[in-house]
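J.: Input coords_22.csv, format and content: CSV, C-alpha atoms.
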```csv
chain,number,residue,atom,x,y,z
A,7,MET,CA,-100.0,230.1,32.9
A,8,TYR,CA,-96.3,229.3,33.0
A,9,PHE,CA,-95.9,230.5,36.6
A,10,SER,CA,-99.0,228.5,37.6
A,11,ARG,CA,-97.6,225.3,36.3
A,12,LEU,CA,-94.2,226.0,37.9
A,13,PHE,CA,-95.9,226.6,41.2
A,14,LEU,CA,-97.7,223.3,41.0
A,15,ILE,CA,-94.5,221.4,40.2
A,16,LEU,CA,-92.7,222.9,43.2
A,17,VAL,CA,-95.6,222.0,45.5
A,18,CYS,CA,-95.5,218.4,44.4
A,19,VAL,CA,-91.8,218.1,44.8
A,20,ALA,CA,-91.9,219.5,48.3
A,21,ALA,CA,-94.7,217.2,49.2
A,22,ALA,CA,-92.9,214.2,47.9
A,23,GLY,CA,-89.7,215.1,49.8
A,24,ALA,CA,-91.7,215.5,53.0
A,25,CYS,CA,-93.3,212.0,52.6
A,26,GLY,CA,-89.9,210.4,51.9
A,27,SER,CA,-88.6,211.6,55.3
A,28,GLY,CA,-91.7,210.8,57.3
A,29,PRO,CA,-91.8,208.7,60.5
A,30,ALA,CA,-92.9,205.6,58.7
A,31,THR,CA,-89.9,205.6,56.4
A,32,ARG,CA,-87.4,206.4,59.3
A,33,ASN,CA,-88.8,203.5,61.4
A,34,ALA,CA,-88.5,201.2,58.4
A,35,ASP,CA,-84.8,202.3,57.9
A,36,VAL,CA,-84.1,201.6,61.6
A,37,ALA,CA,-85.8,198.2,61.5
A,38,ASN,CA,-83.9,197.2,58.4
A,39,SER,CA,-80.5,198.3,60.0
A,40,ALA,CA,-81.1,196.6,63.3
A,41,PRO,CA,-79.4,193.2,63.9
A,42,SER,CA,-81.6,190.2,63.7
A,43,PRO,CA,-82.0,188.3,67.0
A,44,SER,CA,-79.9,185.2,67.5
A,45,LYS,CA,-80.4,182.2,69.7
A,46,SER,CA,-76.7,181.5,70.1
A,47,VAL,CA,-74.6,182.8,72.9
A,48,GLU,CA,-72.0,185.3,71.9
A,49,SER,CA,-68.4,184.4,73.0
A,50,THR,CA,-66.9,186.9,75.4
A,51,PRO,CA,-64.1,188.9,73.8
A,52,ILE,CA,-60.7,187.8,74.8
A,53,ALA,CA,-58.1,190.5,75.1
A,54,ASN,CA,-55.0,188.4,74.4
A,55,VAL,CA,-55.1,186.7,71.1
A,56,ARG,CA,-51.4,185.8,70.9
A,57,THR,CA,-50.5,182.4,69.7
A,58,VAL,CA,-48.3,180.1,71.8
A,59,GLU,CA,-45.5,178.0,70.2
A,60,GLY,CA,-46.3,174.3,70.4
A,61,MET,CA,-50.0,174.8,71.1
A,62,PRO,CA,-52.1,172.4,69.2
A,63,PRO,CA,-55.0,173.8,67.1
A,64,GLY,CA,-58.0,174.4,69.4
A,65,VAL,CA,-61.6,173.4,68.9
A,66,ARG,CA,-64.6,175.4,69.9
A,67,ILE,CA,-67.0,173.6,72.2
A,68,ALA,CA,-70.5,173.8,70.7
A,69,ARG,CA,-72.0,170.8,72.5
A,70,PRO,CA,-71.2,168.7,75.5
A,71,GLU,CA,-68.5,166.0,75.0
A,72,THR,CA,-67.1,163.4,77.3
A,73,ALA,CA,-63.5,162.1,77.0
A,74,ARG,CA,-63.8,158.5,75.9
A,75,PHE,CA,-61.0,155.9,76.0
A,76,LEU,CA,-60.8,152.9,73.7
A,77,ASP,CA,-58.2,150.1,74.1
A,78,GLY,CA,-56.0,152.4,76.2
A,79,LYS,CA,-55.9,155.1,73.5
A,80,PHE,CA,-57.0,158.7,73.8
A,81,GLY,CA,-59.2,160.0,71.0
A,82,ASP,CA,-60.9,163.2,69.9
A,83,GLY,CA,-57.8,165.5,70.4
A,84,TRP,CA,-57.0,164.4,73.9
A,85,GLN,CA,-53.2,164.1,74.6
A,86,TRP,CA,-51.5,162.2,77.4
A,87,ILE,CA,-48.4,164.1,78.7
A,88,ASP,CA,-45.9,162.6,81.2
A,89,PRO,CA,-42.9,164.8,80.8
A,90,ASP,CA,-40.4,162.5,82.5
A,91,GLY,CA,-42.2,159.3,81.7
A,92,ALA,CA,-39.0,157.8,80.2
A,93,GLN,CA,-37.3,157.9,83.6
A,94,ILE,CA,-40.3,157.8,86.1
A,95,PRO,CA,-43.4,156.7,84.2
A,96,THR,CA,-46.9,157.3,85.6
A,97,ARG,CA,-49.0,154.2,85.3
A,98,TYR,CA,-52.5,154.7,84.0
A,99,GLU,CA,-55.5,152.7,83.1
A,100,THR,CA,-58.6,153.7,81.0
A,101,LYS,CA,-62.0,152.2,81.0
A,102,ASP,CA,-65.1,153.7,79.4
A,103,ALA,CA,-65.1,157.3,80.7
A,104,LYS,CA,-62.7,156.8,83.6
A,105,LEU,CA,-59.0,157.5,83.8
A,106,THR,CA,-56.9,156.1,86.7
A,107,MET,CA,-53.4,157.5,87.4
A,108,THR,CA,-51.0,156.0,89.9
A,109,ILE,CA,-48.8,159.0,90.6
A,110,PRO,CA,-45.2,158.4,91.7
A,111,THR,CA,-43.4,160.8,94.0
A,112,ALA,CA,-41.6,163.9,92.6
A,113,LYS,CA,-44.3,164.6,90.1
A,114,ASP,CA,-45.3,168.2,90.4
A,115,LEU,CA,-46.2,171.4,88.5
A,116,TYR,CA,-44.4,174.1,90.5
A,117,GLY,CA,-41.2,176.0,90.0
A,118,GLU,CA,-38.9,174.2,87.7
A,119,ASN,CA,-40.5,170.8,88.3
A,120,ARG,CA,-43.1,170.5,85.6
A,121,THR,CA,-43.3,166.7,85.5
A,122,ALA,CA,-46.9,166.2,86.6
A,123,PRO,CA,-48.8,163.8,84.4
A,124,ARG,CA,-51.8,165.3,82.6
A,125,LEU,CA,-54.5,164.6,80.0
A,126,LEU,CA,-55.2,167.7,77.9
A,127,LYS,CA,-57.2,168.9,74.9
A,128,ALA,CA,-56.7,172.3,73.1
A,129,VAL,CA,-59.8,174.4,73.3
A,130,THR,CA,-60.5,177.8,71.7
A,131,GLY,CA,-62.8,180.5,73.2
A,132,ASP,CA,-65.3,180.2,76.0
A,133,PHE,CA,-66.0,176.8,77.5
A,134,GLN,CA,-66.4,174.8,80.8
A,135,ILE,CA,-64.7,171.7,81.9
A,136,GLU,CA,-65.6,169.4,84.7
A,137,ALA,CA,-64.7,166.0,86.2
A,138,ARG,CA,-65.5,163.9,89.2
A,139,VAL,CA,-62.3,163.1,91.1
A,140,ARG,CA,-61.8,160.2,93.5
A,141,PHE,CA,-58.8,161.0,95.6
A,142,ASP,CA,-57.8,160.7,99.2
A,143,PRO,CA,-54.7,162.8,99.8
A,144,THR,CA,-53.1,162.6,103.3
A,145,GLU,CA,-49.5,163.9,102.8
A,146,ASP,CA,-47.9,167.1,101.7
A,147,TYR,CA,-48.1,167.6,98.7
A,148,GLN,CA,-50.7,165.5,97.0
A,149,GLY,CA,-53.3,166.9,94.5
A,150,ALA,CA,-55.5,165.9,91.6
A,151,GLY,CA,-57.9,167.9,89.6
A,152,LEU,CA,-58.5,170.2,86.6
A,153,LEU,CA,-55.8,172.0,84.7
A,154,ILE,CA,-55.9,175.0,82.3
A,155,TYR,CA,-52.5,175.0,80.6
A,156,VAL,CA,-50.8,177.5,78.3
A,157,ASP,CA,-47.1,176.7,78.8
A,158,GLY,CA,-44.7,176.0,81.7
A,159,MET,CA,-45.0,179.6,82.9
A,160,ASN,CA,-48.8,180.1,82.6
A,161,TYR,CA,-51.4,177.8,84.0
A,162,LEU,CA,-54.3,177.3,86.5
A,163,ARG,CA,-54.8,174.3,88.8
A,164,LEU,CA,-58.0,173.4,90.7
A,165,GLU,CA,-57.3,170.4,92.9
A,166,ARG,CA,-58.6,168.2,95.7
A,167,SER,CA,-55.4,168.3,97.7
A,168,PHE,CA,-53.5,168.0,100.9
A,169,GLY,CA,-50.8,170.5,101.9
A,170,GLY,CA,-49.2,173.1,99.6
A,171,LEU,CA,-48.3,176.8,99.8
A,172,ARG,CA,-49.6,179.3,102.3
A,173,GLU,CA,-52.0,177.1,104.1
A,174,GLY,CA,-52.1,173.3,104.0
A,175,GLY,CA,-54.4,170.6,105.3
A,176,SER,CA,-57.1,168.7,103.4
A,177,GLY,CA,-59.4,170.5,101.0
A,178,ILE,CA,-59.8,172.3,97.7
A,179,ARG,CA,-56.9,174.3,96.3
A,180,LEU,CA,-56.8,176.9,93.4
A,181,ASP,CA,-53.3,177.9,92.3
A,182,ALA,CA,-52.2,180.1,89.3
A,183,ARG,CA,-49.0,180.8,87.6
A,184,LYS,CA,-48.5,183.9,85.4
A,185,ARG,CA,-45.0,184.0,84.1
A,186,ASP,CA,-42.6,184.3,87.1
A,187,GLN,CA,-45.4,184.8,89.7
A,188,TYR,CA,-47.0,181.7,91.4
A,189,GLU,CA,-50.0,182.4,93.6
A,190,SER,CA,-52.2,180.3,95.8
A,191,LEU,CA,-55.6,181.9,95.2
A,192,THR,CA,-57.5,179.5,97.5
A,193,THR,CA,-56.1,177.0,100.0
A,194,PRO,CA,-57.5,173.9,101.7
A,195,GLY,CA,-57.6,176.0,104.9
A,196,GLU,CA,-60.2,178.3,103.2
A,197,VAL,CA,-62.1,175.5,101.5
A,198,PRO,CA,-61.6,172.4,103.8
A,199,THR,CA,-63.0,169.0,103.0
A,200,THR,CA,-62.0,165.4,103.7
A,201,ALA,CA,-64.3,164.0,101.0
A,202,GLY,CA,-62.8,161.2,99.0
A,203,GLU,CA,-64.8,162.1,95.9
A,204,VAL,CA,-65.6,165.6,94.6
A,205,ASP,CA,-66.8,167.3,91.4
A,206,LEU,CA,-64.6,170.1,90.1
A,207,ARG,CA,-65.5,172.6,87.4
A,208,ILE,CA,-63.9,175.6,85.7
A,209,ILE,CA,-65.8,178.0,83.5
A,210,ARG,CA,-64.1,180.3,81.0
A,211,ARG,CA,-65.7,183.6,80.0
A,212,GLY,CA,-63.2,185.7,78.1
A,213,ASN,CA,-60.2,186.2,80.3
A,214,VAL,CA,-62.0,185.2,83.5
A,215,PHE,CA,-61.8,181.6,84.8
A,216,THR,CA,-64.2,180.7,87.6
A,217,ALA,CA,-63.7,177.6,89.7
A,218,PHE,CA,-66.4,175.6,91.4
A,219,TRP,CA,-66.6,172.4,93.5
A,220,ARG,CA,-69.1,170.1,95.3
A,221,ALA,CA,-68.8,166.9,97.3
A,222,ASP,CA,-72.3,165.6,96.4
A,223,GLU,CA,-73.2,165.5,92.7
A,224,ASN,CA,-76.8,166.1,93.7
A,225,LYS,CA,-76.0,169.3,95.4
A,226,GLU,CA,-75.5,172.8,94.1
A,227,TRP,CA,-72.0,174.0,93.0
A,228,ARG,CA,-70.0,176.2,95.3
A,229,GLU,CA,-67.8,178.9,93.9
A,230,VAL,CA,-64.1,178.7,94.9
A,231,GLU,CA,-62.7,181.9,93.3
A,232,GLU,CA,-62.3,183.8,90.0
A,233,PHE,CA,-59.0,184.3,88.2
A,234,THR,CA,-58.5,187.0,85.7
A,235,SER,CA,-55.8,185.9,83.2
A,236,ASP,CA,-54.0,187.1,80.2
A,237,PHE,CA,-54.1,183.7,78.6
A,238,PRO,CA,-54.5,183.4,74.8
A,239,GLU,CA,-57.8,182.4,73.2
A,240,THR,CA,-56.6,178.8,72.8
A,241,VAL,CA,-55.5,176.9,75.9
A,242,GLN,CA,-55.2,173.3,76.9
A,243,ALA,CA,-57.8,172.0,79.3
A,244,GLY,CA,-57.9,168.7,81.2
A,245,VAL,CA,-56.9,166.9,84.3
A,246,VAL,CA,-53.6,166.6,86.3
A,247,GLY,CA,-52.1,164.7,89.1
A,248,CYS,CA,-49.3,166.1,91.4
A,249,ASN,CA,-47.4,164.3,94.1
A,250,THR,CA,-44.3,165.0,96.1
A,251,ALA,CA,-45.0,162.4,98.8
A,252,THR,CA,-45.9,158.7,98.9
A,253,GLU,CA,-47.2,157.2,95.6
A,254,ILE,CA,-51.0,157.7,95.3
A,255,LYS,CA,-53.8,156.8,93.0
A,256,ALA,CA,-56.3,159.3,91.5
A,257,GLU,CA,-59.4,158.4,89.5
A,258,PHE,CA,-61.1,160.9,87.1
A,259,LEU,CA,-64.6,160.1,86.0
A,260,ARG,CA,-66.7,161.9,83.4
A,261,ILE,CA,-64.1,164.3,82.1
A,262,ARG,CA,-66.4,166.7,80.2
A,263,LEU,CA,-66.1,169.8,78.0
A,264,LEU,CA,-69.2,171.8,77.6
A,265,PRO,CA,-70.2,175.1,76.0
A,266,GLN,CA,-70.3,178.3,78.2
A,267,PRO,CA,-73.4,178.2,80.4
A,268,LEU,CA,-76.1,180.8,79.9
A,269,SER,CA,-76.0,181.7,83.6
A,270,ASN,CA,-73.9,181.2,86.7
A,271,PRO,CA,-74.4,177.6,87.9
A,272,LEU,CA,-74.9,178.7,91.5
```
Can you turn what I pasted into structure tokens?

T.:
Amino acid sequence: MYFSRLFLILVCVAAAGACGSGPATRNADVANSAPSPSKSVESTPIANVRTVEGMPPGVRIARPETARFLDGKFGDGWQWIDPDGAQIPTRYETKDAKLTMTIPTAKDLYGENRTAPRLLKAVTGDFQIEARVRFDPTEDYQGAGLLIYVDGMNYLRLERSFGGLREGGSGIRLDARKRDQYESLTTPGEVPTTAGEVDLRIIRRGNVFTAFWRADENKEWREVEEFTSDFPETVQAGVVGCNTATEIKAEFLRIRLLPQPLSNPL
């Protein structure tokens, strides 16, 4: 009798163990451990997370924002920088969403000359920046456009320009500086245009910055080039004007910061 009861107990224990490890339970465990779906776009990992001395705290761009100007003042974290403004000031005017610079000669962002006037905002993580630029350069060197800035030794310039390194003429230029190395990634000879008004855009995904342009705001964007950087997670993004020739005026309309797009804009 004792052995009969013991046998029945062992059978029940074995059956219970088998049921506990059955397919239904395993599937439930997998489902419970799987990450729940999210509608938000994950930021691309950025390899270099170093901090830069003097870099303002950055903001993450969660929704589109346009730089607004009120009574000649810059708000929402935008900073006007004119490094030698005490000696050679850059005149500027603001109205609604338009910034107009009158750029004197000898204002540049190349070599040891880092006097180019610029309007920047500190941004953290992935983002895109764009602006419409009214500019008619005719002398070497004149350029106006978008700037991604870390410090005087690390930056990226996308400009409607005339002249410059490697190949001049009138067109779109993309230049990058990484410490002691300055490189013309794309020259006006490779992307020529005489348009007096263009849209410029830079998209950041992780360490990769992709530049775009178009002359007609109703047309599709054209890719200029990609630049793989070792920039930190927080950079300053905005607009810049460079001029080593005759004084020239540049207008920036609709300076906008936007979240990283879900897909390539092309």

J.: Pick from A:Gly117, A:Gly202, A:Gly170, A:Gly64: nearest to Glu257 of chain A, with all atoms listed in the file counted?

T.: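 Closest to Glu257 of chain A, using all atoms listed in the file: A:Gly202.
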
J.: Using only C-alpha atoms and a cutoff of 10 Å, can you tell me which residues are near (-66.6, 180.4, 97.8) in the file's coordinates, and write them out as a PyMOL selection string?

T.: chain A and resi 192+196-197+217-219+227-232

J.: I want to know what sits within 12 Å of Ala92 of chain A, based on all atoms listed in the file, with residues of the same chain fewer than 5 positions away left out; could you give that as a ChimeraX atom specification?

T.: /A:87,97,121

J.: For each of A:Glu203, A:Asp82, A:Glu253, A:Asp77, take the minimum atom-to-atom distance to Val129 of chain A, counting all atoms listed in the file, then give the residue where this is smallest.

T.: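 Comparing A:Glu203, A:Asp82, A:Glu253, A:Asp77 against Val129 of chain A, the winner is A:Asp82.
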
J.: Contacts of Gly195 of chain A at 8 Å or less, counting all atoms listed in the file, minus same-chain residues fewer than 2 places along, as an mmCIF file with C-alpha atoms, in the coordinates of the input?

T.:
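Listed below is the output, result.cif:
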```
data_model
loop_
_atom_site.group_PDB
_atom_site.id
_atom_site.type_symbol
_atom_site.label_atom_id
_atom_site.label_comp_id
_atom_site.auth_asym_id
_atom_site.auth_seq_id
_atom_site.Cartn_x
_atom_site.Cartn_y
_atom_site.Cartn_z
ATOM 1 C CA GLU A 173 -52.000 177.100 104.100
ATOM 2 C CA GLY A 174 -52.100 173.300 104.000
ATOM 3 C CA GLY A 175 -54.400 170.600 105.300
ATOM 4 C CA SER A 176 -57.100 168.700 103.400
ATOM 5 C CA GLY A 177 -59.400 170.500 101.000
ATOM 6 C CA THR A 193 -56.100 177.000 100.000
ATOM 7 C CA VAL A 197 -62.100 175.500 101.500
ATOM 8 C CA PRO A 198 -61.600 172.400 103.800
#
```

J.: Restricting the calculation to all atoms listed in the file: of A:Asp114, A:Asp88, A:Asp132, A:Glu59, which residue gets closest to Leu268 of chain A?

T.: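 Selected residue with least distance to Leu268 of chain A: A:Asp132.
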
J.: Just the number, please: distance in Å from atom CA of Pro95 of chain A to atom CA of Gly247 of chain A, one decimal.

T.: 12.8 Å

J.: Can you pull out the residues contacting Ala182 of chain A? Cut-off 12 Å, using all atoms listed in the file, and skip same-chain residues under 5 positions away; I want them as a PDB file with C-alpha atoms, in the frame of the given file.

T.:
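Output below, filename result.pdb:
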```pdb
ATOM      1  CA  LEU A 115     -46.200 171.400  88.500  1.00  0.00           C
ATOM      2  CA  TYR A 116     -44.400 174.100  90.500  1.00  0.00           C
ATOM      3  CA  GLY A 117     -41.200 176.000  90.000  1.00  0.00           C
ATOM      4  CA  LEU A 153     -55.800 172.000  84.700  1.00  0.00           C
ATOM      5  CA  ILE A 154     -55.900 175.000  82.300  1.00  0.00           C
ATOM      6  CA  TYR A 155     -52.500 175.000  80.600  1.00  0.00           C
ATOM      7  CA  VAL A 156     -50.800 177.500  78.300  1.00  0.00           C
ATOM      8  CA  GLY A 158     -44.700 176.000  81.700  1.00  0.00           C
ATOM      9  CA  MET A 159     -45.000 179.600  82.900  1.00  0.00           C
ATOM     10  CA  ASN A 160     -48.800 180.100  82.600  1.00  0.00           C
ATOM     11  CA  TYR A 161     -51.400 177.800  84.000  1.00  0.00           C
ATOM     12  CA  LEU A 162     -54.300 177.300  86.500  1.00  0.00           C
ATOM     13  CA  ARG A 163     -54.800 174.300  88.800  1.00  0.00           C
ATOM     14  CA  LEU A 164     -58.000 173.400  90.700  1.00  0.00           C
ATOM     15  CA  GLU A 165     -57.300 170.400  92.900  1.00  0.00           C
ATOM     16  CA  LEU A 171     -48.300 176.800  99.800  1.00  0.00           C
ATOM     17  CA  GLN A 187     -45.400 184.800  89.700  1.00  0.00           C
ATOM     18  CA  TYR A 188     -47.000 181.700  91.400  1.00  0.00           C
ATOM     19  CA  GLU A 189     -50.000 182.400  93.600  1.00  0.00           C
ATOM     20  CA  SER A 190     -52.200 180.300  95.800  1.00  0.00           C
ATOM     21  CA  LEU A 191     -55.600 181.900  95.200  1.00  0.00           C
ATOM     22  CA  THR A 192     -57.500 179.500  97.500  1.00  0.00           C
ATOM     23  CA  THR A 193     -56.100 177.000 100.000  1.00  0.00           C
ATOM     24  CA  PHE A 215     -61.800 181.600  84.800  1.00  0.00           C
ATOM     25  CA  ALA A 217     -63.700 177.600  89.700  1.00  0.00           C
ATOM     26  CA  GLU A 231     -62.700 181.900  93.300  1.00  0.00           C
ATOM     27  CA  GLU A 232     -62.300 183.800  90.000  1.00  0.00           C
ATOM     28  CA  PHE A 233     -59.000 184.300  88.200  1.00  0.00           C
ATOM     29  CA  THR A 234     -58.500 187.000  85.700  1.00  0.00           C
ATOM     30  CA  SER A 235     -55.800 185.900  83.200  1.00  0.00           C
ATOM     31  CA  ASP A 236     -54.000 187.100  80.200  1.00  0.00           C
ATOM     32  CA  PHE A 237     -54.100 183.700  78.600  1.00  0.00           C
TER      33      PHE A 237
END
```

J.: Can you pull out every residue within 10 Å of Thr250 of chain A, counting all atoms listed in the file, but drop anything in the same chain fewer than 4 positions away, and send it as a PDB file with C-alpha atoms, keeping the file's coordinate frame?

T.:
```pdb
ATOM      1  CA  ILE A 109     -48.800 159.000  90.600  1.00  0.00           C
ATOM      2  CA  PRO A 110     -45.200 158.400  91.700  1.00  0.00           C
ATOM      3  CA  THR A 111     -43.400 160.800  94.000  1.00  0.00           C
ATOM      4  CA  ALA A 112     -41.600 163.900  92.600  1.00  0.00           C
ATOM      5  CA  LYS A 113     -44.300 164.600  90.100  1.00  0.00           C
ATOM      6  CA  ASP A 114     -45.300 168.200  90.400  1.00  0.00           C
ATOM      7  CA  ALA A 122     -46.900 166.200  86.600  1.00  0.00           C
ATOM      8  CA  GLU A 145     -49.500 163.900 102.800  1.00  0.00           C
ATOM      9  CA  ASP A 146     -47.900 167.100 101.700  1.00  0.00           C
ATOM     10  CA  TYR A 147     -48.100 167.600  98.700  1.00  0.00           C
ATOM     11  CA  GLN A 148     -50.700 165.500  97.000  1.00  0.00           C
ATOM     12  CA  GLY A 149     -53.300 166.900  94.500  1.00  0.00           C
ATOM     13  CA  ILE A 254     -51.000 157.700  95.300  1.00  0.00           C
TER      14      ILE A 254
END
```

J.: Just the number, please: distance in Å from atom CA of Glu136 of chain A to atom CA of Gly60 of chain A, one decimal.

T.: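 Between atom CA of Glu136 of chain A and atom CA of Gly60 of chain A the gap is 24.5 Å.
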
J.: Quote the spacing between atom CA of Ala137 of chain A and atom CA of Asp181 of chain A in Å to one decimal place.

T.: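 These atoms are spaced 17.6 Å apart.
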
J.: Kindly indicate which residue among A:Ala256, A:Asp142, A:Arg185, A:Glu223 lies nearest to Thr200 of chain A, using only C-alpha atoms for the distances.

T.: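 Selected residue with least distance to Thr200 of chain A: A:Asp142.
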
J.: Go through A:Ile208, A:Phe133, A:Phe168, A:Asp157 and flag the residue nearest Arg69 of chain A, using only C-alpha atoms for the distances.

T.: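 Residue with the minimum atom-to-atom distance to Arg69 of chain A: A:Phe133.
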
J.: Hey, what's within 10 Å of Arg138 of chain A if we count all atoms listed in the file and toss same-chain stuff fewer than 2 positions away? As a list in words, please?

T.: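 Non-adjacent residues within range: Lys104, Glu136, Arg140, Phe141, Gly151, Leu152, Glu203, Val204, Asp205, Leu206, Arg207, Trp219, Arg220, Ala221, Glu223, Glu257, Phe258, Leu259, Arg260, Ile261 and Arg262 of chain A.
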
J.: List every protein, DNA or RNA residue that has an atom no more than 7 Å from (-54.7, 152.5, 76.9) in the file's coordinate frame, counting only C-alpha atoms, and report them as a list in words.

T.: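 Residues with an atom at most 7 Å from (-54.7, 152.5, 76.9): Leu76, Asp77, Gly78, Lys79, Glu99 and Thr100 of chain A.
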